[in-house]
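**Q** You'll find target22.cif just under this line, and it carries mmCIF, C-alpha atoms.
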```cif
data_query
#
loop_
_atom_site.label_atom_id
_atom_site.label_comp_id
_atom_site.auth_asym_id
_atom_site.auth_seq_id
_atom_site.Cartn_x
_atom_site.Cartn_y
_atom_site.Cartn_z
CA MET A 24 -12.96 -9.03 13.05
CA SER A 25 -12.96 -12.78 12.62
CA ASP A 26 -16.13 -14.83 12.92
CA LYS A 27 -14.36 -16.90 15.56
CA PRO A 28 -11.25 -16.03 17.55
CA PHE A 29 -8.07 -17.99 16.80
CA ALA A 30 -6.11 -19.77 19.49
CA LEU A 31 -2.46 -20.65 18.91
CA SER A 32 -0.94 -24.07 19.52
CA ILE A 33 2.70 -25.06 18.96
CA LYS A 34 3.55 -28.66 18.06
CA VAL A 35 6.84 -30.40 17.39
CA VAL A 36 7.91 -33.35 15.30
CA ILE A 37 10.64 -34.91 17.45
CA ARG A 38 13.13 -36.95 15.41
CA ASP A 39 15.16 -39.67 17.09
CA GLU A 40 18.62 -40.98 16.13
CA ALA A 41 16.97 -43.20 13.49
CA ASP A 42 15.11 -40.14 12.11
CA ARG A 43 11.76 -41.49 13.19
CA CYS A 44 9.02 -39.12 14.46
CA LEU A 45 7.34 -39.33 17.86
CA LEU A 46 3.56 -39.67 17.91
CA LEU A 47 1.41 -39.75 21.05
CA ARG A 48 -1.94 -41.50 21.27
CA ARG A 49 -4.68 -39.52 23.01
CA SER A 50 -6.36 -41.26 25.94
CA ALA A 51 -9.59 -43.13 25.30
CA SER A 52 -11.18 -40.78 27.84
CA SER A 53 -10.11 -37.59 26.02
CA LYS A 54 -12.97 -35.22 25.28
CA GLY A 55 -11.59 -34.52 21.81
CA ASN A 56 -10.22 -37.12 19.39
CA PRO A 57 -9.97 -40.03 21.85
CA GLY A 58 -7.56 -42.73 20.71
CA LYS A 59 -6.16 -40.66 17.83
CA TRP A 60 -2.47 -39.99 17.27
CA GLU A 61 -0.93 -36.52 17.49
CA PHE A 62 2.34 -34.66 17.87
CA PRO A 63 3.53 -33.38 21.28
CA GLY A 64 2.97 -29.73 22.16
CA GLY A 65 0.13 -27.45 23.09
CA LYS A 66 -1.12 -23.99 23.80
CA VAL A 67 1.15 -21.10 24.61
CA GLU A 68 0.14 -19.54 27.92
CA ALA A 69 -0.14 -15.78 28.28
CA GLY A 70 3.21 -14.13 28.79
CA GLU A 71 5.18 -17.28 27.93
CA ASP A 72 7.83 -17.40 25.21
CA PHE A 73 6.57 -19.81 22.58
CA ASP A 74 9.74 -21.90 22.40
CA ALA A 75 9.92 -22.19 26.19
CA ALA A 76 6.21 -23.10 26.20
CA LEU A 77 6.82 -25.86 23.68
CA LEU A 78 9.77 -27.32 25.59
CA ARG A 79 7.66 -27.26 28.79
CA GLU A 80 4.76 -29.05 27.07
CA VAL A 81 7.12 -31.64 25.61
CA ALA A 82 8.67 -32.31 29.02
CA GLU A 83 5.22 -32.65 30.62
CA GLU A 84 3.82 -34.90 27.91
CA THR A 85 6.85 -37.06 27.12
CA GLY A 86 9.55 -36.60 29.79
CA LEU A 87 12.00 -35.91 26.95
CA THR A 88 14.54 -33.16 26.45
CA VAL A 89 14.58 -31.95 22.85
CA SER A 90 16.26 -29.24 20.78
CA LEU A 91 14.25 -27.15 18.32
CA HIS A 92 15.70 -26.84 14.82
CA ARG A 93 13.36 -25.50 12.18
CA VAL A 94 9.81 -24.68 11.15
CA ALA A 95 8.17 -27.75 9.61
CA GLY A 96 4.70 -26.44 8.73
CA ALA A 97 1.31 -25.26 9.90
CA ALA A 98 -2.19 -26.66 10.42
CA GLU A 99 -5.65 -25.57 11.48
CA SER A 100 -8.74 -26.91 13.20
CA GLU A 101 -12.19 -25.51 13.78
CA MET A 102 -14.07 -25.91 17.04
CA PRO A 103 -17.57 -24.71 17.93
CA THR A 104 -16.46 -21.37 19.35
CA ARG A 105 -12.97 -20.83 17.96
CA LYS A 106 -10.35 -21.90 15.48
CA VAL A 107 -6.93 -23.22 16.41
CA ALA A 108 -3.85 -22.30 14.39
CA TYR A 109 -0.95 -24.74 14.75
CA LEU A 110 2.67 -23.87 14.11
CA ILE A 111 4.67 -27.10 13.78
CA LEU A 112 8.40 -27.14 14.46
CA GLU A 113 10.91 -29.91 13.96
CA GLY A 114 13.23 -30.89 16.77
CA ARG A 115 15.63 -33.59 17.81
CA LEU A 116 15.63 -35.93 20.78
CA GLU A 117 18.48 -34.97 23.07
CA SER A 118 17.92 -37.17 26.12
CA GLY A 119 15.36 -39.03 28.19
CA GLN A 120 13.00 -41.98 27.93
CA VAL A 121 9.35 -41.49 27.01
CA ARG A 122 7.19 -41.14 30.12
CA LEU A 123 3.59 -40.30 29.25
CA SER A 124 1.18 -38.06 31.17
CA SER A 125 -2.46 -39.02 31.77
CA GLU A 126 -3.34 -37.16 28.55
CA HIS A 127 -1.90 -39.97 26.40
CA GLU A 128 -2.00 -43.74 26.56
CA ASP A 129 0.62 -44.82 24.05
CA TYR A 130 3.47 -43.58 21.88
CA ALA A 131 5.15 -44.65 18.67
CA TRP A 132 8.28 -43.75 16.70
CA VAL A 133 7.25 -43.64 13.05
CA ALA A 134 9.17 -42.95 9.83
CA PRO A 135 8.06 -39.69 8.15
CA HIS A 136 6.58 -41.50 5.14
CA ASP A 137 4.57 -43.79 7.46
CA LEU A 138 2.85 -40.99 9.41
CA LEU A 139 -0.23 -41.09 7.17
CA GLY A 140 -0.67 -44.78 7.93
CA MET A 141 -1.44 -43.89 11.56
CA ASP A 142 -4.92 -42.88 12.73
CA LEU A 143 -3.90 -39.23 13.12
CA VAL A 144 -5.99 -36.42 14.53
CA GLU A 145 -7.67 -35.13 11.35
CA GLN A 146 -6.15 -31.63 11.32
CA PHE A 147 -2.60 -33.02 11.07
CA ARG A 148 -3.20 -35.19 7.99
CA PRO A 149 -2.45 -32.51 5.33
CA PHE A 150 0.74 -31.59 7.21
CA ALA A 151 1.76 -35.27 7.57
CA GLN A 152 1.25 -35.80 3.85
CA ALA A 153 3.47 -32.85 2.90
CA TYR A 154 6.06 -33.65 5.58
CA GLY A 155 6.37 -37.29 4.51
CA GLN A 156 7.29 -36.15 1.00
CA GLN A 157 10.07 -33.80 2.07
CA PRO A 158 13.67 -34.79 1.46
CA GLY A 159 15.53 -36.20 4.50
CA GLN A 160 15.43 -33.89 7.50
CA PRO A 161 17.03 -32.64 9.62
CA MET B 8 17.82 -26.62 24.18
CA SER B 9 18.05 -25.02 20.78
CA ASP B 10 21.30 -23.53 19.51
CA LYS B 11 19.42 -20.26 19.06
CA PRO B 12 16.12 -19.22 20.64
CA PHE B 13 13.10 -18.90 18.35
CA ALA B 14 11.00 -15.76 18.18
CA LEU B 15 7.45 -15.92 16.85
CA SER B 16 6.04 -13.59 14.22
CA ILE B 17 2.50 -13.66 12.81
CA LYS B 18 1.86 -12.45 9.26
CA VAL B 19 -1.29 -12.18 7.17
CA VAL B 20 -2.06 -12.36 3.49
CA ILE B 21 -4.88 -9.81 3.15
CA ARG B 22 -7.11 -10.51 0.13
CA ASP B 23 -9.16 -7.69 -1.37
CA GLU B 24 -12.48 -7.92 -3.26
CA ALA B 25 -10.53 -8.83 -6.43
CA ASP B 26 -8.68 -11.59 -4.47
CA ARG B 27 -5.38 -9.80 -4.74
CA CYS B 28 -2.84 -9.94 -1.87
CA LEU B 29 -1.45 -6.91 -0.05
CA LEU B 30 2.33 -6.52 -0.02
CA LEU B 31 4.24 -3.78 1.81
CA ARG B 32 7.64 -2.48 0.73
CA ARG B 33 10.13 -1.99 3.54
CA SER B 34 11.64 1.48 3.82
CA ALA B 35 15.00 2.10 2.16
CA SER B 36 16.30 3.01 5.63
CA SER B 37 15.23 -0.30 7.22
CA LYS B 38 18.04 -2.12 9.02
CA GLY B 39 16.91 -5.45 7.59
CA ASN B 40 15.83 -6.11 4.01
CA PRO B 41 15.52 -2.45 2.88
CA GLY B 42 13.30 -2.01 -0.19
CA LYS B 43 12.06 -5.62 -0.12
CA TRP B 44 8.40 -6.60 -0.15
CA GLU B 45 6.71 -8.41 2.73
CA PHE B 46 3.34 -9.26 4.25
CA PRO B 47 1.84 -7.17 7.08
CA GLY B 48 2.17 -8.43 10.65
CA GLY B 49 4.83 -8.79 13.28
CA LYS B 50 5.90 -10.07 16.64
CA VAL B 51 3.45 -11.07 19.32
CA GLU B 52 4.15 -9.14 22.50
CA ALA B 53 4.25 -10.92 25.85
CA GLY B 54 0.79 -11.54 27.24
CA GLU B 55 -0.97 -10.58 24.02
CA ASP B 56 -3.40 -12.89 22.21
CA PHE B 57 -1.85 -13.69 18.87
CA ASP B 58 -4.91 -12.82 16.79
CA ALA B 59 -5.38 -9.51 18.61
CA ALA B 60 -1.64 -8.86 18.13
CA LEU B 61 -1.95 -9.45 14.41
CA LEU B 62 -4.97 -7.18 14.01
CA ARG B 63 -3.12 -4.47 15.97
CA GLU B 64 -0.03 -4.78 13.75
CA VAL B 65 -2.16 -4.68 10.61
CA ALA B 66 -3.95 -1.54 11.82
CA GLU B 67 -0.62 0.14 12.67
CA GLU B 68 1.09 -0.83 9.41
CA THR B 69 -1.78 -0.41 6.95
CA GLY B 70 -4.70 1.44 8.58
CA LEU B 71 -6.95 -1.41 7.42
CA THR B 72 -9.55 -3.46 9.23
CA VAL B 73 -9.34 -7.12 8.28
CA SER B 74 -10.98 -10.40 9.26
CA LEU B 75 -8.87 -13.53 9.82
CA HIS B 76 -10.06 -16.67 8.05
CA ARG B 77 -7.58 -19.51 7.91
CA VAL B 78 -3.99 -20.67 8.30
CA ALA B 79 -2.11 -20.19 5.04
CA GLY B 80 1.35 -21.51 5.90
CA ALA B 81 4.59 -21.02 7.81
CA ALA B 82 8.08 -19.68 7.19
CA GLU B 83 11.41 -19.26 8.95
CA SER B 84 14.41 -16.96 9.00
CA GLU B 85 17.74 -17.12 10.74
CA MET B 86 19.39 -14.11 12.34
CA PRO B 87 22.77 -13.88 14.09
CA THR B 88 21.42 -14.59 17.57
CA ARG B 89 18.02 -16.17 16.99
CA LYS B 90 15.63 -17.76 14.55
CA VAL B 91 12.21 -16.38 13.69
CA ALA B 92 9.25 -18.72 13.11
CA TYR B 93 6.44 -17.19 11.06
CA LEU B 94 2.85 -18.36 11.14
CA ILE B 95 1.02 -16.93 8.12
CA LEU B 96 -2.76 -16.51 8.18
CA GLU B 97 -5.09 -15.50 5.39
CA GLY B 98 -7.58 -12.71 5.93
CA ARG B 99 -9.95 -10.46 4.06
CA LEU B 100 -10.06 -6.69 3.73
CA GLU B 101 -13.13 -5.44 5.56
CA SER B 102 -12.72 -1.65 5.44
CA GLY B 103 -10.25 1.20 5.23
CA GLN B 104 -7.76 2.72 2.83
CA VAL B 105 -4.08 1.83 2.99
CA ARG B 106 -2.17 4.33 5.16
CA LEU B 107 1.45 3.29 5.67
CA SER B 108 3.60 3.75 8.77
CA SER B 109 7.23 4.93 8.58
CA GLU B 110 8.27 1.27 8.43
CA HIS B 111 7.13 0.96 4.80
CA GLU B 112 7.36 3.18 1.75
CA ASP B 113 5.00 1.55 -0.72
CA TYR B 114 2.27 -1.05 -1.07
CA ALA B 115 0.90 -3.21 -3.86
CA TRP B 116 -2.11 -5.48 -4.43
CA VAL B 117 -0.79 -8.54 -6.25
CA ALA B 118 -2.49 -11.67 -7.61
CA PRO B 119 -1.39 -14.83 -5.72
CA HIS B 120 0.41 -16.27 -8.75
CA ASP B 121 2.32 -13.00 -9.23
CA LEU B 122 3.76 -12.84 -5.70
CA LEU B 123 7.01 -14.51 -6.77
CA GLY B 124 7.54 -11.82 -9.40
CA MET B 125 7.99 -9.26 -6.61
CA ASP B 126 11.31 -8.71 -4.84
CA LEU B 127 10.11 -10.44 -1.67
CA VAL B 128 11.98 -10.72 1.60
CA GLU B 129 13.83 -13.99 1.07
CA GLN B 130 12.17 -16.01 3.84
CA PHE B 131 8.72 -15.61 2.27
CA ARG B 132 9.64 -16.96 -1.17
CA PRO B 133 8.99 -20.67 -0.45
CA PHE B 134 5.63 -19.76 1.09
CA ALA B 135 4.74 -17.48 -1.85
CA GLN B 136 5.56 -20.26 -4.29
CA ALA B 137 3.30 -22.77 -2.53
CA TYR B 138 0.56 -20.21 -1.94
CA GLY B 139 0.48 -19.12 -5.58
CA GLN B 140 -0.20 -22.71 -6.61
CA GLN B 141 -3.15 -23.23 -4.27
CA PRO B 142 -6.65 -23.35 -5.71
CA GLY B 143 -8.67 -20.15 -5.37
CA GLN B 144 -8.93 -18.94 -1.78
CA PRO B 145 -10.78 -17.94 0.25
#
```
Would you put the structure from the file into structure tokens?
**A**
Amino acid sequence: MSDKPFALSIKVVIRDEADRCLLLRRSASSKGNPGKWEFPGGKVEAGEDFDAALLREVAEETGLTVSLHRVAGAAESEMPTRKVAYLILEGRLESGQVRLSSEHEDYAWVAPHDLLGMDLVEQFRPFAQAYGQQPGQP
Amino acid sequence: MSDKPFALSIKVVIRDEADRCLLLRRSASSKGNPGKWEFPGGKVEAGEDFDAALLREVAEETGLTVSLHRVAGAAESEMPTRKVAYLILEGRLESGQVRLSSEHEDYAWVAPHDLLGMDLVEQFRPFAQAYGQQPGQP
């Protein structure tokens, strides 16, 4: 058995036509990481296909329609009572204009090599560093 | 929407007391990748917690009890009608002796830097390369 149970969260790096990546800024009133930047996505609910869950989260958080293309990486965070494992996909903006939910207060389209210059949620920094060094994708 | 739907598979690198990694060799009669080496784990079934699913798969495939410690990486494969996204955790052998199911015909405990010397299922080679270069874990 693990010391703490793992929860699973699926995130996506959405690339636009200029190959920039969408970041969302967490609300100042967020319980965790207020004001920090993160990728769209979230927890998979019981019985839900993980790709459908991700597309639902993206629609709720951004109002965008995206296509999912490849696996981009993984990340991890530790909370008081559990750990969270993140699987991070890469997708492409298909249609829509960004329309935020109450969970976020701003958004930005950022070049891959500029991701680390943003005040990211801590657990995504190692991923952002590796991702920014990859050759042009997708 | 994606061209192909993604399925999710969870794998684990089980480390023993000598910090070697458990590999399983797929049966010669397997439909996919017969005779190739892979990590234990498998698909998460609908409604199942992903960490419980992984521990169940590990018990079925190896007879071992393991603890899950951290996220080790991700991988991807493409099949005719879908893609598979792999989240790869790292765990530790807690108890048990390896007892294979009919799905596998052999097992091996391999040092992290020797993983690439095995005839791995193709989609795990990039992960094995990166993992073998990491500093000592866990």
**Q** Run the PyMOL selection byres ((chain A) within 8 of (chain B)) against the file shown and list the residues it catches, as a list in words.
**A**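 When the PyMOL selection byres ((chain A) within 8 of (chain B)) is applied, the selected residues are Met24, Ser25, Asp26, Pro28, Phe29, Ala30, Leu31, Ala69, Gly70, Glu71, Asp72, Phe73, Asp74, Thr88, Val89, Ser90, Leu91, His92, Arg93, Val94, Ala95, Gly96, Ala97, Ala98, Glu99, Ala108 and Leu110 of chain A.
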**Q** Quick one: pull the distance between CA of Pro87 (chain B) and CA of Ala137 (chain B), Å, one decimal.
**A**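 It comes out at 27.1 Å.
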**Q** Quick one: everything within 12 Å of Leu45 (chain A), counting only C-alpha atoms, minus sequence neighbours fewer than 3 positions away in the same chain. Send it as a JSON list (two decimals) with C-alpha atoms, in the frame of the given file.
**A**
```
[["chain", "number", "residue", "atom", "x", "y", "z"],
["A", 34, "LYS", "CA", 3.55, -28.66, 18.06],
["A", 35, "VAL", "CA", 6.84, -30.40, 17.39],
["A", 36, "VAL", "CA", 7.91, -33.35, 15.30],
["A", 37, "ILE", "CA", 10.64, -34.91, 17.45],
["A", 38, "ARG", "CA", 13.13, -36.95, 15.41],
["A", 39, "ASP", "CA", 15.16, -39.67, 17.09],
["A", 40, "GLU", "CA", 18.62, -40.98, 16.13],
["A", 41, "ALA", "CA", 16.97, -43.20, 13.49],
["A", 42, "ASP", "CA", 15.11, -40.14, 12.11],
["A", 48, "ARG", "CA", -1.94, -41.50, 21.27],
["A", 60, "TRP", "CA", -2.47, -39.99, 17.27],
["A", 61, "GLU", "CA", -0.93, -36.52, 17.49],
["A", 62, "PHE", "CA", 2.34, -34.66, 17.87],
["A", 63, "PRO", "CA", 3.53, -33.38, 21.28],
["A", 64, "GLY", "CA", 2.97, -29.73, 22.16],
["A", 81, "VAL", "CA", 7.12, -31.64, 25.61],
["A", 84, "GLU", "CA", 3.82, -34.90, 27.91],
["A", 85, "THR", "CA", 6.85, -37.06, 27.12],
["A", 87, "LEU", "CA", 12.00, -35.91, 26.95],
["A", 89, "VAL", "CA", 14.58, -31.95, 22.85],
["A", 113, "GLU", "CA", 10.91, -29.91, 13.96],
["A", 114, "GLY", "CA", 13.23, -30.89, 16.77],
["A", 115, "ARG", "CA", 15.63, -33.59, 17.81],
["A", 116, "LEU", "CA", 15.63, -35.93, 20.78],
["A", 120, "GLN", "CA", 13.00, -41.98, 27.93],
["A", 121, "VAL", "CA", 9.35, -41.49, 27.01],
["A", 129, "ASP", "CA", 0.62, -44.82, 24.05],
["A", 130, "TYR", "CA", 3.47, -43.58, 21.88],
["A", 131, "ALA", "CA", 5.15, -44.65, 18.67],
["A", 132, "TRP", "CA", 8.28, -43.75, 16.70],
["A", 133, "VAL", "CA", 7.25, -43.64, 13.05],
["A", 134, "ALA", "CA", 9.17, -42.95, 9.83],
["A", 135, "PRO", "CA", 8.06, -39.69, 8.15],
["A", 137, "ASP", "CA", 4.57, -43.79, 7.46],
["A", 138, "LEU", "CA", 2.85, -40.99, 9.41],
["A", 141, "MET", "CA", -1.44, -43.89, 11.56]]
```
**Q** Return the single residue from B:Gly70, B:Ala60, B:Met86, B:Ser36 that is closest to Gln130 (chain B), with distances computed using all atoms listed in the file.
**A** B:Met86
**Q** Could you state the separation of CA of Lys50 (chain B) and CA of Gly103 (chain B) in Å, given to one decimal place?
**A**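 Straight-line distance from CA of Lys50 (chain B) to CA of Gly103 (chain B) works out to 22.8 Å.
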**Q** I'd like the interatomic distance between CA of Glu110 (chain B) and CA of Cys28 (chain B), to a tenth of an Å.
**A** 18.8 Å
**Q** Neighbours of Ala35 (chain B) within 12 Å (all atoms listed in the file; same-chain residues fewer than 5 positions away dropped), as a list in words?
**A**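 The filter keeps Asn40, Pro41, Gly42, Lys43, Trp44, Ser109, Glu110, His111, Glu112 and Asp113 of chain B.
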